[in-house]
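Below: the structure, in structure tokens.
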Amino acid sequence: MATEILMPALSPTMEEGTLAKWLVKEGDSVVSGDVIAEIETDKATMEFEAVDEGTIGKILIPEGSEGVKVNTPIAVLLEDGETADDLPQGQPGTPSAAQADAGNKAAAPAASAAPAAPAKAAATGNETAAPETDTTPDWPEGTTMKQQTVREALRDGMAEEMRRDDSVFLMGEEVAEYQGAYKISQGMLDEFGAKRVIDTPITEHGFAGIATGAAFGGLKPIVEFMTFNFAMQAIDHIINSAAKTLYMSGGQMGAPMVFRGPNGAAARVGAQHSQDYAAWYMQIPGLKVAMPYSASDAKGLMKTAIRDPNPVIFLENEILYGRSFDVPDIDDYTVPFGKARIWRTGSDVTLVSFGIGMTYALEAAEKLAEDGIDAEVIDLRTLRPMDTGAIIRSVMKTNRCVTIEEGWPQGSVGGYISSVLMQQAFDYLDAPVINCTGKDVPMPYAANLEKHALLTTDEVVAAAKDITYR
Amino acid sequence: MATRKAASKPNVSAEELKTYYREMLLIRRFEEKAGQLYGMGLIGGFCHLYIGQEAVVVGLEAAAEAGDKRVTSYRDHGHMLACGMDPNGVMAELTGREGGYSKGKGGSMHMFSKEKHFYGGHGIVGAQVPLGAGLAFADKYKDNGRVTFAYFGDGAANQGQVYETFNMAALWKLPCVFVIENNQYAMGTAQQRSTSSAEIYERGMAFGIPGQAVDGMDVLAVKEAGEKAVAHCRSGKGPYILEIKTYRYRGHSMSDPAKYRTREEVQKMRDERDPIEQVRDMLLTGKHATEDDLKAIDKDIKAIVNASAEFAKTSPEPALDELWTDIYAEVSPQEATA
């Protein structure tokens, strides 16, 4: 029986990849362990090995094909005695080039949701007496936009600041020669050299302390944690050394630095690698906390973070790294801290989120619109400082609020927002504030359980309907 | 042992000896006064006295150059005085007053002076070790020839981050002198009950970091070792470890009854090894100073310490709105975003 060789998933978040090169041709025989192809994921080029032995009967996807979906048949392996003539005609998988194209478009749904224009249009149609929604765009009208992934935007943000200021340097595990575990620092070693792009040993507590000391000593370190899960080994230096020193020294010295890396759940990596730390760091006076969703915010906030004279926690997301968005093509694009972005104006309910939570918020808003519910969607962008004013102004108009985050419910960001609304906008609330969060469990590994543990768009839709009584 | 070995150090001038005597005495008297103010309720919280260990910081500061940096743990008053910080500002910080180095917001354990390159004053045991290596990292990055002294105790020497730091400091050849102030007790736990190695500095060998043990009751021995360590670091060869064997006469903190050692042990150390008495003997037996000369120094020191206590009592408490300052540094106008 001929077997199909399928496009493999070679990273926890890979949904598609490029079949860069075939290392075998039709008619070659292979045994288990032979490298048969090179496949580019969003992070790296990986060698793909044969699992079974046999003869390559047919190559279904030619080399150089981009956007090949995981599990697409890419070749057919024949057993001993079979020949290519034995292949049934119209083998499944042959039209996959077209499939791959479709996949490409589906992969970046948010890119089409250009934020500024629709928001403005809707704001003028606002009939309530509530204060004007601030939908001032982050870039001047008529700015040329370019498509960039969050990954590229983060790198550009760091690289621009390193060109601007010699005291900025990047350190972390695999940031230099490996080009970044998630390829965020791709090309930076080449440009800036080993003095400023520094591979560390696997020693989070130690290098977080050294970086903080370097900041005391007048440098501006960017510390990459391979993920924020590993930063728990370093959290003493983040909080006790970096965040508190300015206060403890009576303003004499502090730690101008950025701690960055992917935060929150990726995909199928289990409990120890899937935690959202937004609410943890948000609690600490002395820290600033940014958590971008879009590529333009990733870039603009990164540049602001590096220039900030305080320690900044910069929470990225592995799943967002590969998503593309419009990024303004202007010199020195920065985004201020403490200013939320209104992605969509609406009058029935306010959806507040940040980071990857925005994916659910925007999807939910679309679905709600189909049912005639007009949701306003706010991306906080920074959690400390937090633009609570934007939330309050929105709730004065909609009188209803749903918060959306992947973190746990107890001590959540949403819980804090609820208390702010209770204290500062109580009279404007027509319904309880609902906090949509991840489930109150360690992240399970099993695919179905993981899906169940994470927040879903349907939960957000249901919450919004609950409080709009629809 | 009753014969002090100090007299066999010929390469030291009378002026130098007098300086060390004076600086060590300042720390001792200052700490005695702090203990007294603590007893009066003028100093609160934790207060860790340095009495007995004075030769460590005075000897090492004698080996430092202007611009070199230092960072230490919470037993930090001696380091601050030795690097030239104002006794008034230190004492007023202990009493939590506006005139303190941190405007009263840091306290005994958290004091800093950018001017004197003193980077704290850290309350988390061992945390100052990577911070010190980071200061050295910054100096190496700037290629300014400066050296950092990272002080920690025999207790902190068992923290994992110390060895994470040794590894990186050796790997990156950071100009950092790791100073283990081994006063033999990690709070109440004697070294042999907590530490597998008899010689802690030998742990550096695993990382290729040279080091040595030093008699920490002998200020001249400390200075000599310090000069060697500093020369090593400044020449670009990377870090160096000094394990300075010292002894604290007082308890771990003010509330420590020190039941884990005998009175006789402490008394013997005071009688036979006291760092200040050793220098005093050298000055007198070498005829570098008369009893009257030393009395004049004592009097002078007493006046400085009394003045610091007076300042610390009379400096006002910080204004209530200080509660809300220094949490964030302001973004400078040229860095401000549009």
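By convention in this document, the chains of the structure tokens carry letters A, B, ... by their order, each chain's residues are numbered from 1, and ligands are numbered from 1 in the order they are shown.
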Any idea which chain B residues end up within 9 Å of chain A if we count only C-alpha atoms, as a PDB file with C-alpha atoms, in the first residue's frame please?
```pdb
ATOM      1  CA  GLY B 100      18.953  60.157  54.710  1.00  0.00           C
ATOM      2  CA  TYR B 101      20.608  58.954  51.531  1.00  0.00           C
ATOM      3  CA  SER B 102      17.297  57.564  50.296  1.00  0.00           C
ATOM      4  CA  LYS B 103      15.177  60.311  51.860  1.00  0.00           C
ATOM      5  CA  GLY B 104      14.145  57.794  54.477  1.00  0.00           C
ATOM      6  CA  LYS B 105      12.588  55.423  51.964  1.00  0.00           C
ATOM      7  CA  GLY B 106      15.287  52.774  51.928  1.00  0.00           C
ATOM      8  CA  GLY B 107      16.377  52.200  55.504  1.00  0.00           C
ATOM      9  CA  HIS B 110      18.721  49.848  51.083  1.00  0.00           C
ATOM     10  CA  MET B 111      21.021  52.779  50.645  1.00  0.00           C
ATOM     11  CA  PHE B 112      22.799  54.028  47.562  1.00  0.00           C
ATOM     12  CA  SER B 113      25.118  56.787  46.437  1.00  0.00           C
ATOM     13  CA  LYS B 114      25.592  57.409  42.789  1.00  0.00           C
ATOM     14  CA  TYR B 119      25.177  50.592  44.400  1.00  0.00           C
ATOM     15  CA  GLY B 120      23.485  49.286  47.567  1.00  0.00           C
ATOM     16  CA  HIS B 122      20.450  44.865  48.977  1.00  0.00           C
ATOM     17  CA  GLY B 123      18.104  42.933  51.196  1.00  0.00           C
ATOM     18  CA  ILE B 124      17.859  39.701  49.238  1.00  0.00           C
ATOM     19  CA  ALA B 127      21.153  39.213  44.779  1.00  0.00           C
ATOM     20  CA  GLN B 128      23.993  41.718  44.900  1.00  0.00           C
ATOM     21  CA  VAL B 129      26.380  39.230  43.305  1.00  0.00           C
ATOM     22  CA  PRO B 130      24.929  39.244  39.763  1.00  0.00           C
ATOM     23  CA  LEU B 131      24.160  42.943  40.201  1.00  0.00           C
ATOM     24  CA  GLY B 132      27.831  43.543  40.894  1.00  0.00           C
ATOM     25  CA  ALA B 133      28.836  41.480  37.895  1.00  0.00           C
ATOM     26  CA  GLY B 134      26.369  43.563  35.884  1.00  0.00           C
ATOM     27  CA  LEU B 135      28.061  46.777  37.004  1.00  0.00           C
ATOM     28  CA  ALA B 136      31.337  45.243  35.870  1.00  0.00           C
ATOM     29  CA  PHE B 137      29.661  44.247  32.621  1.00  0.00           C
ATOM     30  CA  ALA B 138      28.703  47.887  32.046  1.00  0.00           C
ATOM     31  CA  ASP B 139      32.261  49.029  32.715  1.00  0.00           C
ATOM     32  CA  TYR B 141      31.121  47.476  27.729  1.00  0.00           C
ATOM     33  CA  LYS B 142      32.220  51.085  28.134  1.00  0.00           C
ATOM     34  CA  GLY B 160      22.641  29.399  43.266  1.00  0.00           C
ATOM     35  CA  GLN B 161      22.798  32.781  41.596  1.00  0.00           C
ATOM     36  CA  VAL B 162      26.331  33.245  42.904  1.00  0.00           C
ATOM     37  CA  TYR B 163      27.493  30.341  40.746  1.00  0.00           C
ATOM     38  CA  GLU B 164      25.412  31.424  37.774  1.00  0.00           C
ATOM     39  CA  THR B 165      27.293  34.691  38.116  1.00  0.00           C
ATOM     40  CA  ASN B 167      30.114  31.231  35.286  1.00  0.00           C
ATOM     41  CA  MET B 168      29.195  34.307  33.267  1.00  0.00           C
ATOM     42  CA  THR B 325       7.727  60.041  44.421  1.00  0.00           C
ATOM     43  CA  ASP B 326      10.581  58.053  42.862  1.00  0.00           C
ATOM     44  CA  ILE B 327       8.350  55.177  41.757  1.00  0.00           C
ATOM     45  CA  TYR B 328       9.004  55.964  38.116  1.00  0.00           C
ATOM     46  CA  ALA B 329      11.744  57.978  36.508  1.00  0.00           C
ATOM     47  CA  GLU B 330      10.315  60.600  34.222  1.00  0.00           C
ATOM     48  CA  VAL B 331      10.737  60.116  30.530  1.00  0.00           C
ATOM     49  CA  SER B 332      13.118  62.847  29.434  1.00  0.00           C
ATOM     50  CA  GLU B 335      12.962  60.747  24.609  1.00  0.00           C
ATOM     51  CA  ALA B 336       9.267  61.549  24.875  1.00  0.00           C
ATOM     52  CA  THR B 337       7.083  59.986  22.285  1.00  0.00           C
ATOM     53  CA  ALA B 338       4.921  62.013  19.962  1.00  0.00           C
TER      54      ALA B 338
END
```
Could you pull out all residues of segment 123-369 of chain A with a DSSP call of strand (DSSP E or B) and give them as a PDB file with C-alpha atoms, in the first residue's frame?
```pdb
ATOM      1  CA  MET A 145       1.560  51.278   5.280  1.00  0.00           C
ATOM      2  CA  LYS A 146       3.531  48.089   4.813  1.00  0.00           C
ATOM      3  CA  GLN A 147       2.653  44.547   5.764  1.00  0.00           C
ATOM      4  CA  GLN A 148       4.823  43.119   8.489  1.00  0.00           C
ATOM      5  CA  THR A 149       4.654  40.244  10.888  1.00  0.00           C
ATOM      6  CA  VAL A 168      21.211  49.558  24.206  1.00  0.00           C
ATOM      7  CA  PHE A 169      22.144  45.898  23.931  1.00  0.00           C
ATOM      8  CA  LEU A 170      20.289  42.581  23.689  1.00  0.00           C
ATOM      9  CA  MET A 171      21.046  39.557  25.824  1.00  0.00           C
ATOM     10  CA  GLY A 172      19.390  36.208  26.292  1.00  0.00           C
ATOM     11  CA  VAL A 197      23.883  40.896  20.843  1.00  0.00           C
ATOM     12  CA  ILE A 198      24.899  38.484  23.533  1.00  0.00           C
ATOM     13  CA  ASP A 199      24.171  34.800  23.924  1.00  0.00           C
ATOM     14  CA  LYS A 220      20.005  49.979  28.607  1.00  0.00           C
ATOM     15  CA  PRO A 221      19.677  46.223  28.415  1.00  0.00           C
ATOM     16  CA  ILE A 222      17.011  44.338  26.523  1.00  0.00           C
ATOM     17  CA  VAL A 223      16.693  40.955  28.203  1.00  0.00           C
ATOM     18  CA  GLU A 224      15.017  38.274  26.139  1.00  0.00           C
ATOM     19  CA  MET A 257      15.723  48.178  30.744  1.00  0.00           C
ATOM     20  CA  VAL A 258      13.302  45.898  28.935  1.00  0.00           C
ATOM     21  CA  PHE A 259      12.459  42.325  29.867  1.00  0.00           C
ATOM     22  CA  ARG A 260      10.797  40.748  26.846  1.00  0.00           C
ATOM     23  CA  GLY A 261       9.725  37.446  25.396  1.00  0.00           C
ATOM     24  CA  PRO A 262       6.715  35.324  24.551  1.00  0.00           C
ATOM     25  CA  LYS A 288       5.684  49.234  33.268  1.00  0.00           C
ATOM     26  CA  VAL A 289       3.913  46.494  31.356  1.00  0.00           C
ATOM     27  CA  ALA A 290       3.249  46.424  27.626  1.00  0.00           C
ATOM     28  CA  PRO A 311      12.078  48.658  33.769  1.00  0.00           C
ATOM     29  CA  VAL A 312       9.485  47.543  31.232  1.00  0.00           C
ATOM     30  CA  ILE A 313       7.935  44.086  31.009  1.00  0.00           C
ATOM     31  CA  PHE A 314       7.179  43.449  27.361  1.00  0.00           C
ATOM     32  CA  LEU A 315       4.823  40.517  26.942  1.00  0.00           C
ATOM     33  CA  GLU A 316       4.767  39.023  23.466  1.00  0.00           C
ATOM     34  CA  SER A 324       0.864  40.123   9.587  1.00  0.00           C
ATOM     35  CA  PHE A 325      -0.540  43.595  10.078  1.00  0.00           C
ATOM     36  CA  ASP A 326      -0.241  47.021   8.524  1.00  0.00           C
ATOM     37  CA  VAL A 327       2.683  48.929   9.959  1.00  0.00           C
ATOM     38  CA  PRO A 328       3.167  52.611   9.190  1.00  0.00           C
ATOM     39  CA  ARG A 341      -6.411  51.858  20.896  1.00  0.00           C
ATOM     40  CA  ILE A 342     -10.034  51.685  19.849  1.00  0.00           C
ATOM     41  CA  TRP A 343     -10.151  49.029  17.131  1.00  0.00           C
ATOM     42  CA  ARG A 344     -13.828  49.344  16.565  1.00  0.00           C
ATOM     43  CA  VAL A 349     -21.195  46.754  24.726  1.00  0.00           C
ATOM     44  CA  THR A 350     -17.508  47.435  25.411  1.00  0.00           C
ATOM     45  CA  LEU A 351     -15.070  44.600  24.847  1.00  0.00           C
ATOM     46  CA  VAL A 352     -11.728  45.293  26.564  1.00  0.00           C
ATOM     47  CA  SER A 353      -8.693  43.200  25.864  1.00  0.00           C
TER      48      SER A 353
END
```
(message) Which of segment 148-293 of chain A end up as helix (DSSP H, G or I) when DSSP is run on this backbone - answer as number ranges by chain?
(response) A: 150-164, 188-192, 204-216, 230-233, 235-243, 245-248, 271-273, 278-282
Can I get the selection written as a CSV table (one decimal), in the first residue's frame, with C-alpha atoms?
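Output below, filename part19.csv:
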```csv
chain,number,residue,atom,x,y,z
A,150,VAL,CA,4.8,40.9,14.6
A,151,ARG,CA,8.1,39.2,14.6
A,152,GLU,CA,9.6,41.5,12.0
A,153,ALA,CA,8.1,44.5,13.7
A,154,LEU,CA,9.7,43.6,17.1
A,155,ARG,CA,13.1,43.1,15.4
A,156,ASP,CA,12.8,46.4,13.6
A,157,GLY,CA,11.9,48.2,16.8
A,158,MET,CA,14.9,46.8,18.6
A,159,ALA,CA,17.3,47.4,15.8
A,160,GLU,CA,16.2,51.0,15.2
A,161,GLU,CA,16.8,51.8,18.9
A,162,MET,CA,20.1,50.0,18.9
A,163,ARG,CA,21.2,52.1,15.9
A,164,ARG,CA,20.1,55.2,17.8
A,188,MET,CA,20.9,41.4,14.7
A,189,LEU,CA,24.2,39.7,15.5
A,190,ASP,CA,25.4,40.5,12.0
A,191,GLU,CA,24.5,44.1,12.2
A,192,PHE,CA,25.5,44.9,15.8
A,204,GLU,CA,17.8,33.2,33.9
A,205,HIS,CA,18.3,34.2,37.5
A,206,GLY,CA,21.9,35.1,36.9
A,207,PHE,CA,21.6,37.0,33.6
A,208,ALA,CA,18.5,38.9,34.8
A,209,GLY,CA,20.6,40.1,37.7
A,210,ILE,CA,23.6,40.9,35.6
A,211,ALA,CA,21.4,42.9,33.2
A,212,THR,CA,19.9,44.8,36.1
A,213,GLY,CA,23.3,45.6,37.4
A,214,ALA,CA,24.3,46.8,33.9
A,215,ALA,CA,21.3,49.0,33.9
A,216,PHE,CA,22.4,50.5,37.3
A,230,PHE,CA,11.4,30.9,32.5
A,231,ALA,CA,11.4,34.4,33.9
A,232,MET,CA,10.0,32.9,37.1
A,233,GLN,CA,13.6,31.9,37.9
A,235,ILE,CA,11.5,37.3,39.0
A,236,ASP,CA,13.4,38.3,42.2
A,237,HIS,CA,15.7,40.5,40.1
A,238,ILE,CA,12.8,41.8,38.0
A,239,ILE,CA,10.8,42.9,41.1
A,240,ASN,CA,13.2,43.3,44.0
A,241,SER,CA,16.2,44.6,42.1
A,242,ALA,CA,14.9,46.3,38.9
A,243,ALA,CA,11.5,47.6,40.0
A,245,THR,CA,15.6,50.4,43.3
A,246,LEU,CA,14.6,53.8,42.1
A,247,TYR,CA,12.3,54.1,45.1
A,248,MET,CA,14.7,52.6,47.6
A,271,ALA,CA,1.2,23.6,32.0
A,272,GLN,CA,4.8,24.8,32.6
A,273,HIS,CA,5.1,26.6,29.3
A,278,ALA,CA,0.0,39.9,32.6
A,279,ALA,CA,-1.8,40.2,35.9
A,280,TRP,CA,1.3,39.3,37.9
A,281,TYR,CA,3.6,42.0,36.5
A,282,MET,CA,0.8,44.5,36.3
```
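Pairwise distance (atom CA of Gln191 of chain B, atom CA of Gly39 of chain B) equals 29.2 Å.
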(request) Tell me which protein, DNA and RNA residues are within 10 Å of segment 219-236 of chain B, counting only C-alpha atoms, leaving out same-chain ones fewer than 6 positions away, and put them as a PyMOL selection string. (result) chain B and resi 6+9+11-12+16-17+20-21+24+53-65+68+136+140+144-149+173-179+210-213+242-245+275-276+278-279
(request) Name the residues in contact with Pro409 of chain A at a cut-off of 10 Å, using only C-alpha atoms, excluding same-chain residues fewer than 3 positions from it; report them as a PyMOL selection string. (result) chain A and resi 279+405-406+412-415+435-441
Taking all heavy atoms for each residue, export the selection above as a short mmCIF file (atom, residue, chain, number, x, y, z; two decimals), in the first residue's frame.
```cif
data_model
loop_
_atom_site.label_atom_id
_atom_site.label_comp_id
_atom_site.auth_asym_id
_atom_site.auth_seq_id
_atom_site.Cartn_x
_atom_site.Cartn_y
_atom_site.Cartn_z
N ALA A 279 -1.25 39.68 34.62
CA ALA A 279 -1.77 40.18 35.90
C ALA A 279 -0.68 40.22 36.97
O ALA A 279 -0.69 41.09 37.84
CB ALA A 279 -2.93 39.30 36.36
N GLU A 405 -9.22 38.02 28.45
CA GLU A 405 -7.80 37.70 28.60
C GLU A 405 -7.64 36.19 28.70
O GLU A 405 -8.57 35.49 29.08
CB GLU A 405 -7.23 38.38 29.85
CG GLU A 405 -7.75 37.80 31.16
CD GLU A 405 -7.46 38.68 32.37
OE1 GLU A 405 -6.30 38.80 32.72
OE2 GLU A 405 -8.43 39.25 32.94
N GLU A 406 -6.42 35.72 28.40
CA GLU A 406 -6.16 34.28 28.48
C GLU A 406 -5.73 33.84 29.87
O GLU A 406 -5.69 32.66 30.16
CB GLU A 406 -5.09 33.87 27.46
CG GLU A 406 -5.66 33.68 26.07
CD GLU A 406 -4.74 32.88 25.15
OE1 GLU A 406 -3.54 32.74 25.47
OE2 GLU A 406 -5.24 32.41 24.12
N SER A 412 -7.24 38.58 38.23
CA SER A 412 -7.03 38.81 36.80
C SER A 412 -6.98 40.30 36.46
O SER A 412 -7.36 41.14 37.27
CB SER A 412 -8.16 38.16 36.01
OG SER A 412 -9.39 38.77 36.36
N VAL A 413 -6.55 40.59 35.24
CA VAL A 413 -6.60 41.96 34.76
C VAL A 413 -8.05 42.43 34.72
O VAL A 413 -8.39 43.54 35.14
CB VAL A 413 -5.95 42.06 33.35
CG1 VAL A 413 -6.06 43.49 32.82
CG2 VAL A 413 -4.50 41.61 33.39
N GLY A 414 -8.92 41.55 34.25
CA GLY A 414 -10.35 41.88 34.18
C GLY A 414 -10.95 42.18 35.54
O GLY A 414 -11.80 43.07 35.68
N GLY A 415 -10.49 41.45 36.54
CA GLY A 415 -10.98 41.70 37.89
C GLY A 415 -10.65 43.12 38.32
O GLY A 415 -11.47 43.81 38.94
N ASN A 435 -15.95 38.98 33.25
CA ASN A 435 -14.54 38.72 32.93
C ASN A 435 -14.43 37.39 32.20
O ASN A 435 -14.65 36.33 32.78
CB ASN A 435 -13.69 38.64 34.20
CG ASN A 435 -13.73 39.90 35.04
OD1 ASN A 435 -13.69 39.84 36.26
ND2 ASN A 435 -13.81 41.06 34.39
N CYS A 436 -14.11 37.44 30.92
CA CYS A 436 -13.81 36.20 30.19
C CYS A 436 -12.32 35.93 30.36
O CYS A 436 -11.49 36.76 30.00
CB CYS A 436 -14.13 36.36 28.71
SG CYS A 436 -15.89 36.44 28.37
N THR A 437 -12.02 34.77 30.89
CA THR A 437 -10.61 34.43 31.17
C THR A 437 -10.34 33.01 30.73
O THR A 437 -11.26 32.27 30.34
CB THR A 437 -10.31 34.50 32.68
OG1 THR A 437 -11.07 33.49 33.34
CG2 THR A 437 -10.66 35.86 33.26
N GLY A 438 -9.06 32.62 30.84
CA GLY A 438 -8.74 31.20 30.72
C GLY A 438 -9.37 30.46 31.89
O GLY A 438 -9.73 31.07 32.90
N LYS A 439 -9.51 29.15 31.74
CA LYS A 439 -10.11 28.38 32.83
C LYS A 439 -9.13 28.26 33.99
O LYS A 439 -7.91 28.32 33.80
CB LYS A 439 -10.49 26.97 32.35
CG LYS A 439 -11.35 26.95 31.08
CD LYS A 439 -12.66 27.70 31.23
CE LYS A 439 -13.49 27.61 29.95
NZ LYS A 439 -12.84 28.24 28.79
N ASP A 440 -9.69 28.05 35.17
CA ASP A 440 -8.90 28.07 36.40
C ASP A 440 -8.20 26.72 36.63
O ASP A 440 -8.40 26.06 37.64
CB ASP A 440 -9.85 28.41 37.57
CG ASP A 440 -9.10 28.96 38.77
OD1 ASP A 440 -7.91 29.27 38.63
OD2 ASP A 440 -9.73 29.07 39.84
N VAL A 441 -7.39 26.34 35.66
CA VAL A 441 -6.68 25.04 35.72
C VAL A 441 -5.28 25.22 35.13
O VAL A 441 -5.07 26.10 34.30
CB VAL A 441 -7.42 23.96 34.91
CG1 VAL A 441 -8.80 23.67 35.49
CG2 VAL A 441 -7.55 24.36 33.43
#
```
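Rounded to one decimal, atom CA of His77 of chain B and atom CA of Gly44 of chain B lie 15.0 Å from each other.
Closest to Ala190 of chain B among B:Lys295, B:His252, B:Lys313, B:Arg261 is B:Arg261, based on only C-alpha atoms.
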(request) Name the closest residue to Arg97 of chain B among the candidates B:Glu272, B:Ile43, B:Met205, B:His117; distances are taken between atoms, counting only C-alpha atoms. (result) B:Ile43
(message) Please report the interatomic distance between atom CA of Glu26 of chain A and atom CA of Ser65 of chain A in Å with one decimal.
(response) 17.2 Å
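When only C-alpha atoms are used to compute distances to Phe311 of chain B, the closest of the residues B:Val125, B:Ala157, B:Met269, B:Val90 turns out to be B:Val90.
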